[in-house]
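> Here it is, the structure, as structure tokens.
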Amino acid sequence: MNVQFKKGVLDLCVLSLTAWEDRYGYELAVAMSSKFEVAVGSVYPLLNRLTQEGYFTTYLRESPEGPPRKYYKLTPLGHQHLMELLREWRTFSHAVDELIKEGVER
Amino acid sequence: MTREHYLNELWQQLAPVPEAKRREWMYDYEEHFRIAAEQGQPEEQTAAELGDPRAVARELLLGYRVEAASQGGGGVRLVSRAVFAAVGLGFFNLVFVLGPYLALLGLLLALWAVAGSFVIAAFAVLLEGWTGDAIAMPLAVFGAMIAGGLGLLLGAAAYKLTGGIMRLTLKYLLANTKMMKRSVAR
């Protein structure tokens with residue numbers, strides 16, 4: 001996939017994953033790198049930045065398997081940002097689909 | 001690379017960051033190794049998936065530098081560190097970013113020096129008028145007022161310009177690092 005294209009989408013994806021439930025870093029890192037060509041270790045700087053920008057809060061929660069894990073929770077601001085990104089993405093992908101239909105699938 | 005080795009390397013690379021922040025960042029990677037191990041993944045594989053610790057550290061550091069520079073109100077020292085961090089990450093072309101930045105710094109330095117020398121000249125003229133006999137005192141006071149005024153004006157201009165250039169540099173860095181951090185591609 002085009003690198004340039006992938007850039008803007010990563011924020012949207014990681015915010016989307018936390019829309020309905022809080023997730024811990026490992027889950028997010030593995031989920032992101034399984035879909036995109038992203039080094040697992042690079043997801044944490046991304047999570048850090050989104051936290052710093054106020055889109056996530058973090059907390060520790062006990063896990064059945066062992067020590068507590070750090071969870072990422074979407075804030076109201078994060079939710080708002082996610083909706084904006086989602087709208088942008090829908091408009092964009094809709095436009096691409098239209099053009100593909102017009103050009104390729106006629 | 002083993003877990004121990006990986007975390008050590010990352011810890012070393014993050015040396016410029018205050019310890020509290022450094023521990024906070026390390027926690028994510030320690031937890032990652034722990035959970036991967038719980039799922040039965042070998043350490044080496046986890047380390048390989050995480051990616052080069054030096055690259056990870058550079059990504060973390062750049063965000064930190066730019067953040068520090070914008071919180072520090074755009075001081076020359078902090079902004080310069082952020083510029084070097086960005087160039088070090090290889091995202092900016094050395095010639096096209098560092099070159100103009102250094103040239104601007106040189107220009108600012110020259111402006112400050114000129115402003116400073118005008119102020120010094122004002123005092124020198126006064127001293128000459130008072131002790132020497134090349135010029136009379138009233139003339140010396142007049143000259144000193146002109147030189148001092150020019151010096152202060154230039155100083156004010158240099159101050160404004162320095163602030164402006166630092167703010168612009170910072171804006172440029174922020175815009176670019178945001179894009180960069182989205183591109184966490186390997």
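So you can find residues: chains in the structure tokens are A, B, ... in the order shown, residues in each start at 1, and ligands are numbered from 1 in order.
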Tell me which protein, DNA and RNA residues are within 9 Å of Val119 of chain B, counting only C-alpha atoms, leaving out same-chain ones fewer than 3 positions away, and put them as a ChimeraX atom specification.

/B:114-116,122-124,144,147-152

> Since we have the selection now, will you write its residues out, keeping all heavy atoms, as a PDB file, in the first residue's frame?


ATOM      1  N   VAL B 114      25.256  43.730  16.156  1.00  0.00           N
ATOM      2  CA  VAL B 114      25.222  45.123  15.714  1.00  0.00           C
ATOM      3  C   VAL B 114      24.502  45.990  16.753  1.00  0.00           C
ATOM      4  O   VAL B 114      24.976  47.067  17.141  1.00  0.00           O
ATOM      5  CB  VAL B 114      24.533  45.247  14.339  1.00  0.00           C
ATOM      6  CG1 VAL B 114      24.323  46.716  13.976  1.00  0.00           C
ATOM      7  CG2 VAL B 114      25.367  44.560  13.267  1.00  0.00           C
ATOM      8  N   ALA B 115      23.343  45.477  17.228  1.00  0.00           N
ATOM      9  CA  ALA B 115      22.588  46.214  18.243  1.00  0.00           C
ATOM     10  C   ALA B 115      23.446  46.438  19.479  1.00  0.00           C
ATOM     11  O   ALA B 115      23.514  47.554  20.019  1.00  0.00           O
ATOM     12  CB  ALA B 115      21.317  45.433  18.603  1.00  0.00           C
ATOM     13  N   GLY B 116      24.140  45.384  19.892  1.00  0.00           N
ATOM     14  CA  GLY B 116      25.005  45.465  21.076  1.00  0.00           C
ATOM     15  C   GLY B 116      26.111  46.475  20.887  1.00  0.00           C
ATOM     16  O   GLY B 116      26.407  47.286  21.777  1.00  0.00           O
ATOM     17  N   ALA B 122      27.582  54.008  22.274  1.00  0.00           N
ATOM     18  CA  ALA B 122      26.968  55.128  22.985  1.00  0.00           C
ATOM     19  C   ALA B 122      27.757  55.456  24.251  1.00  0.00           C
ATOM     20  O   ALA B 122      28.066  56.619  24.527  1.00  0.00           O
ATOM     21  CB  ALA B 122      25.511  54.785  23.326  1.00  0.00           C
ATOM     22  N   PHE B 123      28.099  54.384  25.005  1.00  0.00           N
ATOM     23  CA  PHE B 123      28.872  54.600  26.238  1.00  0.00           C
ATOM     24  C   PHE B 123      30.275  55.136  25.934  1.00  0.00           C
ATOM     25  O   PHE B 123      30.785  56.013  26.634  1.00  0.00           O
ATOM     26  CB  PHE B 123      28.953  53.311  27.052  1.00  0.00           C
ATOM     27  CG  PHE B 123      27.664  53.010  27.761  1.00  0.00           C
ATOM     28  CD1 PHE B 123      26.828  51.995  27.325  1.00  0.00           C
ATOM     29  CD2 PHE B 123      27.277  53.769  28.874  1.00  0.00           C
ATOM     30  CE1 PHE B 123      25.636  51.729  27.967  1.00  0.00           C
ATOM     31  CE2 PHE B 123      26.086  53.518  29.526  1.00  0.00           C
ATOM     32  CZ  PHE B 123      25.260  52.488  29.077  1.00  0.00           C
ATOM     33  N   ALA B 124      30.862  54.601  24.853  1.00  0.00           N
ATOM     34  CA  ALA B 124      32.211  55.029  24.493  1.00  0.00           C
ATOM     35  C   ALA B 124      32.234  56.523  24.143  1.00  0.00           C
ATOM     36  O   ALA B 124      33.132  57.255  24.568  1.00  0.00           O
ATOM     37  CB  ALA B 124      32.723  54.180  23.319  1.00  0.00           C
ATOM     38  N   ALA B 144      25.697  60.000  21.764  1.00  0.00           N
ATOM     39  CA  ALA B 144      25.369  58.811  22.551  1.00  0.00           C
ATOM     40  C   ALA B 144      23.885  58.509  22.446  1.00  0.00           C
ATOM     41  O   ALA B 144      23.478  57.339  22.363  1.00  0.00           O
ATOM     42  CB  ALA B 144      25.764  59.032  24.009  1.00  0.00           C
ATOM     43  N   ALA B 147      23.304  56.859  19.005  1.00  0.00           N
ATOM     44  CA  ALA B 147      23.830  55.485  18.978  1.00  0.00           C
ATOM     45  C   ALA B 147      23.020  54.566  19.884  1.00  0.00           C
ATOM     46  O   ALA B 147      22.634  53.458  19.494  1.00  0.00           O
ATOM     47  CB  ALA B 147      25.299  55.476  19.395  1.00  0.00           C
ATOM     48  N   GLY B 148      22.732  55.077  21.086  1.00  0.00           N
ATOM     49  CA  GLY B 148      21.961  54.262  22.035  1.00  0.00           C
ATOM     50  C   GLY B 148      20.567  53.970  21.499  1.00  0.00           C
ATOM     51  O   GLY B 148      20.076  52.848  21.581  1.00  0.00           O
ATOM     52  N   GLY B 149      19.939  54.998  20.910  1.00  0.00           N
ATOM     53  CA  GLY B 149      18.599  54.815  20.354  1.00  0.00           C
ATOM     54  C   GLY B 149      18.590  53.773  19.254  1.00  0.00           C
ATOM     55  O   GLY B 149      17.765  52.863  19.234  1.00  0.00           O
ATOM     56  N   LEU B 150      19.578  53.907  18.346  1.00  0.00           N
ATOM     57  CA  LEU B 150      19.694  52.932  17.253  1.00  0.00           C
ATOM     58  C   LEU B 150      19.882  51.521  17.804  1.00  0.00           C
ATOM     59  O   LEU B 150      19.255  50.567  17.351  1.00  0.00           O
ATOM     60  CB  LEU B 150      20.883  53.299  16.352  1.00  0.00           C
ATOM     61  CG  LEU B 150      20.572  54.244  15.198  1.00  0.00           C
ATOM     62  CD1 LEU B 150      21.857  54.611  14.457  1.00  0.00           C
ATOM     63  CD2 LEU B 150      19.579  53.587  14.231  1.00  0.00           C
ATOM     64  N   GLY B 151      20.773  51.423  18.798  1.00  0.00           N
ATOM     65  CA  GLY B 151      21.065  50.120  19.404  1.00  0.00           C
ATOM     66  C   GLY B 151      19.808  49.497  19.986  1.00  0.00           C
ATOM     67  O   GLY B 151      19.517  48.331  19.744  1.00  0.00           O
ATOM     68  N   LEU B 152      19.033  50.304  20.726  1.00  0.00           N
ATOM     69  CA  LEU B 152      17.821  49.771  21.355  1.00  0.00           C
ATOM     70  C   LEU B 152      16.787  49.368  20.306  1.00  0.00           C
ATOM     71  O   LEU B 152      16.150  48.320  20.413  1.00  0.00           O
ATOM     72  CB  LEU B 152      17.219  50.806  22.313  1.00  0.00           C
ATOM     73  CG  LEU B 152      18.041  51.030  23.593  1.00  0.00           C
ATOM     74  CD1 LEU B 152      17.367  52.068  24.481  1.00  0.00           C
ATOM     75  CD2 LEU B 152      18.212  49.712  24.355  1.00  0.00           C
TER      76      LEU B 152
END

> Which polymer residues have any atom within 8 Å of an atom of segment 57-69 of chain A, counting only C-alpha atoms, with same-chain residues fewer than 6 positions away left out, as a count of residues only?

5

> Which neighbours of Thr18 of chain A fall inside 12 Å, counting only C-alpha atoms, when residues of the same chain fewer than 2 positions from it are skipped, and could you give them as number ranges by chain?

A: 11-16, 20-25, 27-28, 31, 47, 55-58, 71-75, 78-79, 82

> Mind listing the strand (DSSP E or B) residues of chain A, per DSSP on the backbone, as an MDAnalysis selection string?

chainID A and resid 23:24 38 56:63 66:74

> Using only C-alpha atoms, select each residue of chain A with any atom at most 9 Å away from an atom of chain B, and give the selection as a list in words.

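Filtering chain A at 9 Å from chain B with only C-alpha atoms gives Val3, Gln4, Lys6, Lys7, Gly8, Val9, Leu10, Asp11, Gly25, Tyr26, Ala29, Ser33, Phe36, Glu37, Val38, Ala39, Val40, Gly41, Ser42, Val43, Tyr44, Pro45, Leu46, Asn48, Arg49, Glu65, Gly66, Arg69 and Lys70 of chain A.
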
> Excluding Ala82 of chain B and residues on its chain fewer than 5 positions from it, collect all residues at most 9 Å away from it, counting only C-alpha atoms, and give them as a count of residues only.

12

> So which residues touch Leu7 of chain B within 9 Å, counting only C-alpha atoms, skipping near sequence neighbours fewer than 4 positions away, as number ranges by chain?

B: 2-3, 11-12, 26, 29-30, 53

> The selected residues should be written to file as a CSV table (one decimal), in the first residue's frame (atoms: all heavy atoms).


chain,number,residue,atom,x,y,z
B,2,THR,N,17.4,-10.6,22.6
B,2,THR,CA,16.6,-11.0,23.8
B,2,THR,C,15.9,-9.8,24.3
B,2,THR,O,16.1,-8.7,24.0
B,2,THR,CB,17.5,-11.6,24.9
B,2,THR,OG1,18.3,-10.6,25.4
B,2,THR,CG2,18.3,-12.8,24.4
B,3,ARG,N,14.9,-10.1,25.2
B,3,ARG,CA,14.1,-9.1,25.9
B,3,ARG,C,15.0,-8.1,26.6
B,3,ARG,O,14.9,-6.9,26.5
B,3,ARG,CB,13.2,-9.8,26.9
B,3,ARG,CG,12.5,-8.9,27.8
B,3,ARG,CD,11.6,-9.7,28.7
B,3,ARG,NE,10.9,-8.8,29.6
B,3,ARG,CZ,11.4,-8.2,30.7
B,3,ARG,NH1,12.6,-8.6,31.1
B,3,ARG,NH2,10.7,-7.4,31.5
B,11,TRP,N,16.5,1.7,26.6
B,11,TRP,CA,16.8,2.5,27.8
B,11,TRP,C,18.0,3.5,27.5
B,11,TRP,O,17.9,4.7,27.8
B,11,TRP,CB,17.0,1.6,29.0
B,11,TRP,CG,17.3,2.4,30.2
B,11,TRP,CD1,18.5,2.5,30.8
B,11,TRP,CD2,16.4,3.1,31.1
B,11,TRP,NE1,18.4,3.3,32.0
B,11,TRP,CE2,17.1,3.6,32.1
B,11,TRP,CE3,15.0,3.3,31.0
B,11,TRP,CZ2,16.5,4.4,33.1
B,11,TRP,CZ3,14.4,4.1,32.0
B,11,TRP,CH2,15.2,4.6,33.1
B,12,GLN,N,19.0,2.9,26.9
B,12,GLN,CA,20.2,3.7,26.6
B,12,GLN,C,19.9,4.8,25.6
B,12,GLN,O,20.3,5.9,25.8
B,12,GLN,CB,21.3,2.8,26.0
B,12,GLN,CG,21.8,1.7,26.8
B,12,GLN,CD,22.5,2.2,28.1
B,12,GLN,OE1,23.1,3.2,28.0
B,12,GLN,NE2,22.4,1.5,29.2
B,26,MET,N,9.1,3.2,28.8
B,26,MET,CA,9.6,1.8,28.9
B,26,MET,C,8.5,0.8,29.3
B,26,MET,O,8.5,-0.3,28.8
B,26,MET,CB,10.8,1.7,29.9
B,26,MET,CG,12.0,2.5,29.5
B,26,MET,SD,12.8,1.8,28.0
B,26,MET,CE,13.2,0.2,28.5
B,29,TYR,N,6.8,-1.0,26.6
B,29,TYR,CA,7.6,-2.1,25.9
B,29,TYR,C,7.8,-3.3,26.8
B,29,TYR,O,7.8,-4.4,26.4
B,29,TYR,CB,8.9,-1.5,25.4
B,29,TYR,CG,8.6,-0.5,24.3
B,29,TYR,CD1,8.4,0.8,24.5
B,29,TYR,CD2,8.4,-1.0,22.9
B,29,TYR,CE1,8.0,1.7,23.5
B,29,TYR,CE2,8.1,-0.1,21.9
B,29,TYR,CZ,7.9,1.2,22.2
B,29,TYR,OH,7.5,2.1,21.2
B,30,GLU,N,8.0,-3.0,28.1
B,30,GLU,CA,8.1,-4.1,29.1
B,30,GLU,C,6.8,-4.9,29.1
B,30,GLU,O,6.8,-6.2,29.1
B,30,GLU,CB,8.4,-3.6,30.5
B,30,GLU,CG,9.8,-3.1,30.7
B,30,GLU,CD,10.0,-2.1,31.8
B,30,GLU,OE1,9.0,-2.0,32.6
B,30,GLU,OE2,11.0,-1.5,31.9
B,53,PRO,N,15.2,-1.0,18.1
B,53,PRO,CA,15.0,-0.1,19.3
B,53,PRO,C,15.5,1.3,19.0
B,53,PRO,O,15.0,2.3,19.6
B,53,PRO,CB,15.8,-0.8,20.4
B,53,PRO,CG,16.6,-1.8,19.7
B,53,PRO,CD,16.0,-2.2,18.5

> Going by DSSP on the backbone, which bits of chain A are helix (DSSP H, G or I)? Write them as a compact mmCIF listing (two decimals) with N, CA, C and O atoms, in the first residue's frame, please.


# COMPACT_ATOMS: atom_id res chain seq x y z
N VAL A 3 2.60 4.48 0.98
CA VAL A 3 2.96 4.95 2.32
C VAL A 3 2.21 6.23 2.68
O VAL A 3 1.65 6.38 3.75
N GLN A 4 2.21 7.14 1.74
CA GLN A 4 1.57 8.44 1.92
C GLN A 4 0.11 8.26 2.32
O GLN A 4 -0.41 8.94 3.20
N PHE A 5 -0.53 7.32 1.69
CA PHE A 5 -1.94 7.06 1.90
C PHE A 5 -2.18 6.48 3.29
O PHE A 5 -3.15 6.79 3.97
N LYS A 6 -1.25 5.65 3.70
CA LYS A 6 -1.38 4.95 4.97
C LYS A 6 -1.28 5.90 6.15
O LYS A 6 -1.93 5.71 7.19
N LYS A 7 -0.48 6.96 5.97
CA LYS A 7 -0.18 7.89 7.06
C LYS A 7 -1.42 8.36 7.81
O LYS A 7 -1.55 8.16 9.01
N GLY A 8 -2.33 8.97 7.08
CA GLY A 8 -3.47 9.59 7.73
C GLY A 8 -4.45 8.59 8.31
O GLY A 8 -5.24 8.92 9.18
N VAL A 9 -4.37 7.36 7.84
CA VAL A 9 -5.38 6.37 8.20
C VAL A 9 -5.10 5.72 9.55
O VAL A 9 -6.01 5.26 10.22
N LEU A 10 -3.83 5.73 9.96
CA LEU A 10 -3.47 5.02 11.20
C LEU A 10 -4.17 5.60 12.42
O LEU A 10 -4.67 4.86 13.27
N ASP A 11 -4.25 6.92 12.50
CA ASP A 11 -4.96 7.56 13.62
C ASP A 11 -6.41 7.07 13.65
O ASP A 11 -6.91 6.67 14.69
N LEU A 12 -7.04 7.13 12.50
CA LEU A 12 -8.44 6.73 12.38
C LEU A 12 -8.62 5.29 12.86
O LEU A 12 -9.55 4.99 13.63
N CYS A 13 -7.73 4.41 12.44
CA CYS A 13 -7.88 3.00 12.79
C CYS A 13 -7.72 2.75 14.28
O CYS A 13 -8.51 2.03 14.89
N VAL A 14 -6.70 3.34 14.86
CA VAL A 14 -6.44 3.06 16.26
C VAL A 14 -7.54 3.68 17.14
O VAL A 14 -7.96 3.10 18.14
N LEU A 15 -8.07 4.81 16.71
CA LEU A 15 -9.19 5.41 17.45
C LEU A 15 -10.45 4.55 17.30
O LEU A 15 -11.22 4.36 18.23
N SER A 16 -10.64 4.02 16.09
CA SER A 16 -11.81 3.18 15.83
C SER A 16 -11.84 1.95 16.73
O SER A 16 -12.88 1.55 17.23
N LEU A 17 -10.66 1.35 16.91
CA LEU A 17 -10.58 0.11 17.70
C LEU A 17 -11.06 0.32 19.13
O LEU A 17 -11.51 -0.62 19.78
N GLY A 25 -2.53 -1.77 25.28
CA GLY A 25 -1.56 -1.44 24.24
C GLY A 25 -1.20 -2.61 23.34
O GLY A 25 -1.17 -2.47 22.12
N TYR A 26 -0.97 -3.76 23.95
CA TYR A 26 -0.55 -4.93 23.18
C TYR A 26 -1.57 -5.29 22.11
O TYR A 26 -1.22 -5.52 20.95
N GLU A 27 -2.84 -5.30 22.52
CA GLU A 27 -3.93 -5.60 21.59
C GLU A 27 -3.89 -4.66 20.40
O GLU A 27 -3.99 -5.08 19.24
N LEU A 28 -3.78 -3.36 20.70
CA LEU A 28 -3.79 -2.35 19.66
C LEU A 28 -2.59 -2.49 18.74
O LEU A 28 -2.71 -2.44 17.51
N ALA A 29 -1.42 -2.70 19.37
CA ALA A 29 -0.18 -2.80 18.57
C ALA A 29 -0.26 -3.98 17.62
O ALA A 29 0.06 -3.86 16.43
N VAL A 30 -0.72 -5.13 18.13
CA VAL A 30 -0.78 -6.33 17.30
C VAL A 30 -1.84 -6.18 16.21
O VAL A 30 -1.61 -6.53 15.05
N ALA A 31 -2.99 -5.62 16.60
CA ALA A 31 -4.07 -5.45 15.62
C ALA A 31 -3.63 -4.53 14.48
O ALA A 31 -3.85 -4.82 13.31
N MET A 32 -2.96 -3.43 14.83
CA MET A 32 -2.52 -2.48 13.81
C MET A 32 -1.49 -3.09 12.89
O MET A 32 -1.56 -2.94 11.67
N SER A 33 -0.52 -3.79 13.47
CA SER A 33 0.57 -4.28 12.62
C SER A 33 0.15 -5.51 11.83
O SER A 33 0.82 -5.89 10.89
N SER A 34 -0.99 -6.14 12.23
CA SER A 34 -1.44 -7.28 11.43
C SER A 34 -2.11 -6.81 10.14
O SER A 34 -2.15 -7.52 9.15
N LYS A 35 -2.64 -5.58 10.16
CA LYS A 35 -3.34 -5.07 8.98
C LYS A 35 -2.46 -4.20 8.10
O LYS A 35 -2.65 -4.11 6.91
N VAL A 40 5.54 -3.15 15.12
CA VAL A 40 4.74 -3.16 16.34
C VAL A 40 5.20 -2.06 17.29
O VAL A 40 4.40 -1.35 17.89
N GLY A 41 6.52 -1.87 17.37
CA GLY A 41 7.09 -0.90 18.30
C GLY A 41 6.74 0.54 17.97
O GLY A 41 6.87 1.42 18.80
N SER A 42 6.28 0.78 16.75
CA SER A 42 5.94 2.14 16.34
C SER A 42 4.53 2.52 16.71
O SER A 42 4.15 3.68 16.59
N VAL A 43 3.74 1.55 17.14
CA VAL A 43 2.36 1.86 17.52
C VAL A 43 2.34 2.60 18.86
O VAL A 43 1.52 3.48 19.08
N TYR A 44 3.29 2.26 19.74
CA TYR A 44 3.30 2.90 21.06
C TYR A 44 3.59 4.40 20.99
O TYR A 44 2.92 5.18 21.69
N PRO A 45 4.53 4.85 20.16
CA PRO A 45 4.70 6.30 20.02
C PRO A 45 3.42 6.97 19.51
O PRO A 45 3.07 8.08 19.94
N LEU A 46 2.71 6.29 18.64
CA LEU A 46 1.44 6.80 18.13
C LEU A 46 0.42 6.94 19.26
O LEU A 46 -0.24 7.96 19.41
N LEU A 47 0.31 5.88 20.09
CA LEU A 47 -0.61 5.91 21.23
C LEU A 47 -0.22 7.03 22.20
O LEU A 47 -1.07 7.74 22.73
N ASN A 48 1.09 7.19 22.40
CA ASN A 48 1.60 8.25 23.26
C ASN A 48 1.16 9.62 22.78
O ASN A 48 0.74 10.46 23.57
N ARG A 49 1.28 9.82 21.49
CA ARG A 49 0.94 11.13 20.94
C ARG A 49 -0.56 11.39 21.08
O ARG A 49 -0.97 12.47 21.51
N LEU A 50 -1.37 10.38 20.75
CA LEU A 50 -2.82 10.56 20.84
C LEU A 50 -3.25 10.81 22.29
O LEU A 50 -4.19 11.55 22.55
N THR A 51 -2.52 10.19 23.23
CA THR A 51 -2.81 10.44 24.65
C THR A 51 -2.46 11.87 25.01
O THR A 51 -3.21 12.57 25.69
N GLN A 52 -1.28 12.31 24.53
CA GLN A 52 -0.83 13.66 24.82
C GLN A 52 -1.78 14.70 24.25
O GLN A 52 -1.98 15.77 24.83
N PRO A 76 -14.10 12.04 25.43
CA PRO A 76 -15.10 12.71 24.58
C PRO A 76 -14.43 13.46 23.42
O PRO A 76 -14.92 13.42 22.29
N LEU A 77 -13.30 14.11 23.73
CA LEU A 77 -12.57 14.81 22.67
C LEU A 77 -12.10 13.83 21.59
O LEU A 77 -12.18 14.10 20.39
N GLY A 78 -11.62 12.67 22.05
CA GLY A 78 -11.16 11.63 21.12
C GLY A 78 -12.30 11.12 20.27
O GLY A 78 -12.13 10.87 19.06
N HIS A 79 -13.46 11.00 20.88
CA HIS A 79 -14.63 10.52 20.15
C HIS A 79 -15.01 11.51 19.06
O HIS A 79 -15.28 11.12 17.91
N GLN A 80 -14.97 12.78 19.42
CA GLN A 80 -15.27 13.84 18.46
C GLN A 80 -14.29 13.80 17.29
O GLN A 80 -14.69 13.88 16.12
N HIS A 81 -13.01 13.63 17.64
CA HIS A 81 -11.97 13.57 16.61
C HIS A 81 -12.18 12.36 15.70
O HIS A 81 -12.04 12.45 14.49
N LEU A 82 -12.54 11.24 16.31
CA LEU A 82 -12.79 10.02 15.55
C LEU A 82 -13.91 10.24 14.55
O LEU A 82 -13.82 9.85 13.38
N MET A 83 -15.00 10.90 14.99
CA MET A 83 -16.13 11.14 14.10
C MET A 83 -15.73 12.03 12.92
O MET A 83 -16.15 11.80 11.80
N GLU A 84 -14.88 13.05 13.22
CA GLU A 84 -14.39 13.91 12.14
C GLU A 84 -13.59 13.11 11.12
O GLU A 84 -13.82 13.21 9.92
N LEU A 85 -12.65 12.30 11.62
CA LEU A 85 -11.81 11.51 10.73
C LEU A 85 -12.65 10.55 9.91
O LEU A 85 -12.40 10.32 8.73
N LEU A 86 -13.65 9.97 10.58
CA LEU A 86 -14.51 9.00 9.93
C LEU A 86 -15.27 9.65 8.78
O LEU A 86 -15.38 9.10 7.68
N ARG A 87 -15.76 10.87 9.05
CA ARG A 87 -16.49 11.59 8.01
C ARG A 87 -15.58 11.85 6.81
O ARG A 87 -15.96 11.62 5.67
N GLU A 88 -14.37 12.32 7.11
CA GLU A 88 -13.40 12.59 6.03
C GLU A 88 -13.15 11.32 5.22
O GLU A 88 -13.11 11.33 4.00
N TRP A 89 -12.97 10.23 5.96
CA TRP A 89 -12.65 8.96 5.29
C TRP A 89 -13.80 8.49 4.40
O TRP A 89 -13.60 8.06 3.27
N ARG A 90 -15.03 8.62 4.91
CA ARG A 90 -16.21 8.19 4.14
C ARG A 90 -16.31 8.98 2.84
O ARG A 90 -16.54 8.42 1.78
N THR A 91 -16.14 10.31 2.96
CA THR A 91 -16.20 11.16 1.78
C THR A 91 -15.16 10.73 0.76
O THR A 91 -15.44 10.57 -0.42
N PHE A 92 -13.95 10.51 1.29
CA PHE A 92 -12.83 10.14 0.43
C PHE A 92 -13.09 8.80 -0.26
O PHE A 92 -12.98 8.69 -1.49
N SER A 93 -13.47 7.78 0.50
CA SER A 93 -13.60 6.45 -0.09
C SER A 93 -14.81 6.39 -1.02
O SER A 93 -14.80 5.68 -2.02
N HIS A 94 -15.82 7.19 -0.68
CA HIS A 94 -16.99 7.26 -1.56
C HIS A 94 -16.58 7.82 -2.92
O HIS A 94 -16.95 7.27 -3.96
N ALA A 95 -15.78 8.90 -2.87
CA ALA A 95 -15.33 9.53 -4.12
C ALA A 95 -14.50 8.55 -4.95
O ALA A 95 -14.68 8.44 -6.17
N VAL A 96 -13.63 7.80 -4.28
CA VAL A 96 -12.80 6.83 -4.99
C VAL A 96 -13.68 5.76 -5.64
O VAL A 96 -13.51 5.41 -6.82
N ASP A 97 -14.66 5.26 -4.88
CA ASP A 97 -15.56 4.23 -5.41
C ASP A 97 -16.31 4.72 -6.65
O ASP A 97 -16.43 4.00 -7.63
N GLU A 98 -16.80 5.95 -6.55
CA GLU A 98 -17.54 6.52 -7.68
C GLU A 98 -16.69 6.51 -8.95
O GLU A 98 -17.15 6.09 -10.00
N LEU A 99 -15.43 6.96 -8.77
CA LEU A 99 -14.56 7.07 -9.94
C LEU A 99 -14.21 5.70 -10.48
O LEU A 99 -14.11 5.50 -11.69
N ILE A 100 -14.05 4.74 -9.58
CA ILE A 100 -13.75 3.37 -10.03
C ILE A 100 -14.93 2.81 -10.82
O ILE A 100 -14.77 2.22 -11.90
N LYS A 101 -16.13 3.06 -10.29
CA LYS A 101 -17.33 2.59 -10.98
C LYS A 101 -17.40 3.20 -12.38
O LYS A 101 -17.70 2.52 -13.35
N GLU A 102 -17.12 4.51 -12.41
CA GLU A 102 -17.22 5.23 -13.67
C GLU A 102 -16.19 4.73 -14.69
O GLU A 102 -16.48 4.59 -15.87
N GLY A 103 -14.99 4.42 -14.18
CA GLY A 103 -13.91 4.08 -15.09
C GLY A 103 -13.75 2.60 -15.36
O GLY A 103 -13.59 2.19 -16.52

> For atom CA of Ala140 of chain B and atom CA of Ile120 of chain B, quote the distance in Å rounded to one decimal.

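About the pair atom CA of Ala140 of chain B and atom CA of Ile120 of chain B: they are 13.5 Å apart.
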
> Contacts of Ala158 of chain B at 12 Å or less, counting only C-alpha atoms, minus same-chain residues fewer than 3 places along, as a PyMOL selection string?

chain B and resi 104-116+151-155+161-165

> Keeping only C-alpha atoms, write the selected residues to a file as an mmCIF file, in the first residue's frame.


data_model
loop_
_atom_site.group_PDB
_atom_site.id
_atom_site.type_symbol
_atom_site.label_atom_id
_atom_site.label_comp_id
_atom_site.auth_asym_id
_atom_site.auth_seq_id
_atom_site.Cartn_x
_atom_site.Cartn_y
_atom_site.Cartn_z
ATOM 1 C CA LEU B 104 18.923 32.355 9.907
ATOM 2 C CA LEU B 105 20.591 31.816 13.273
ATOM 3 C CA GLY B 106 23.744 33.454 11.894
ATOM 4 C CA LEU B 107 21.736 36.406 10.647
ATOM 5 C CA LEU B 108 20.062 36.816 14.026
ATOM 6 C CA LEU B 109 23.387 36.627 15.807
ATOM 7 C CA ALA B 110 24.782 39.351 13.524
ATOM 8 C CA LEU B 111 21.773 41.559 14.201
ATOM 9 C CA TRP B 112 22.170 41.129 17.954
ATOM 10 C CA ALA B 113 25.882 41.908 17.663
ATOM 11 C CA VAL B 114 25.222 45.123 15.714
ATOM 12 C CA ALA B 115 22.588 46.214 18.243
ATOM 13 C CA GLY B 116 25.005 45.465 21.076
ATOM 14 C CA GLY B 151 21.065 50.120 19.404
ATOM 15 C CA LEU B 152 17.821 49.771 21.355
ATOM 16 C CA LEU B 153 15.708 49.884 18.197
ATOM 17 C CA LEU B 154 17.831 47.205 16.533
ATOM 18 C CA GLY B 155 17.751 45.184 19.740
ATOM 19 C CA LEU B 161 12.671 38.520 14.764
ATOM 20 C CA THR B 162 14.179 35.826 16.982
ATOM 21 C CA GLY B 163 10.774 35.079 18.484
ATOM 22 C CA GLY B 164 9.140 35.043 15.063
ATOM 23 C CA ILE B 165 11.698 32.768 13.480
#

> One decimal, Å: what's the distance from atom CA of Ile146 of chain B over to atom CA of Ala121 of chain B, could you say?

10.0 Å

> Could you state the separation of atom CA of Glu53 of chain A and atom CA of Leu174 of chain B in Å, given to one decimal place?

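Result for atom CA of Glu53 of chain A versus atom CA of Leu174 of chain B: 12.6 Å, one decimal.
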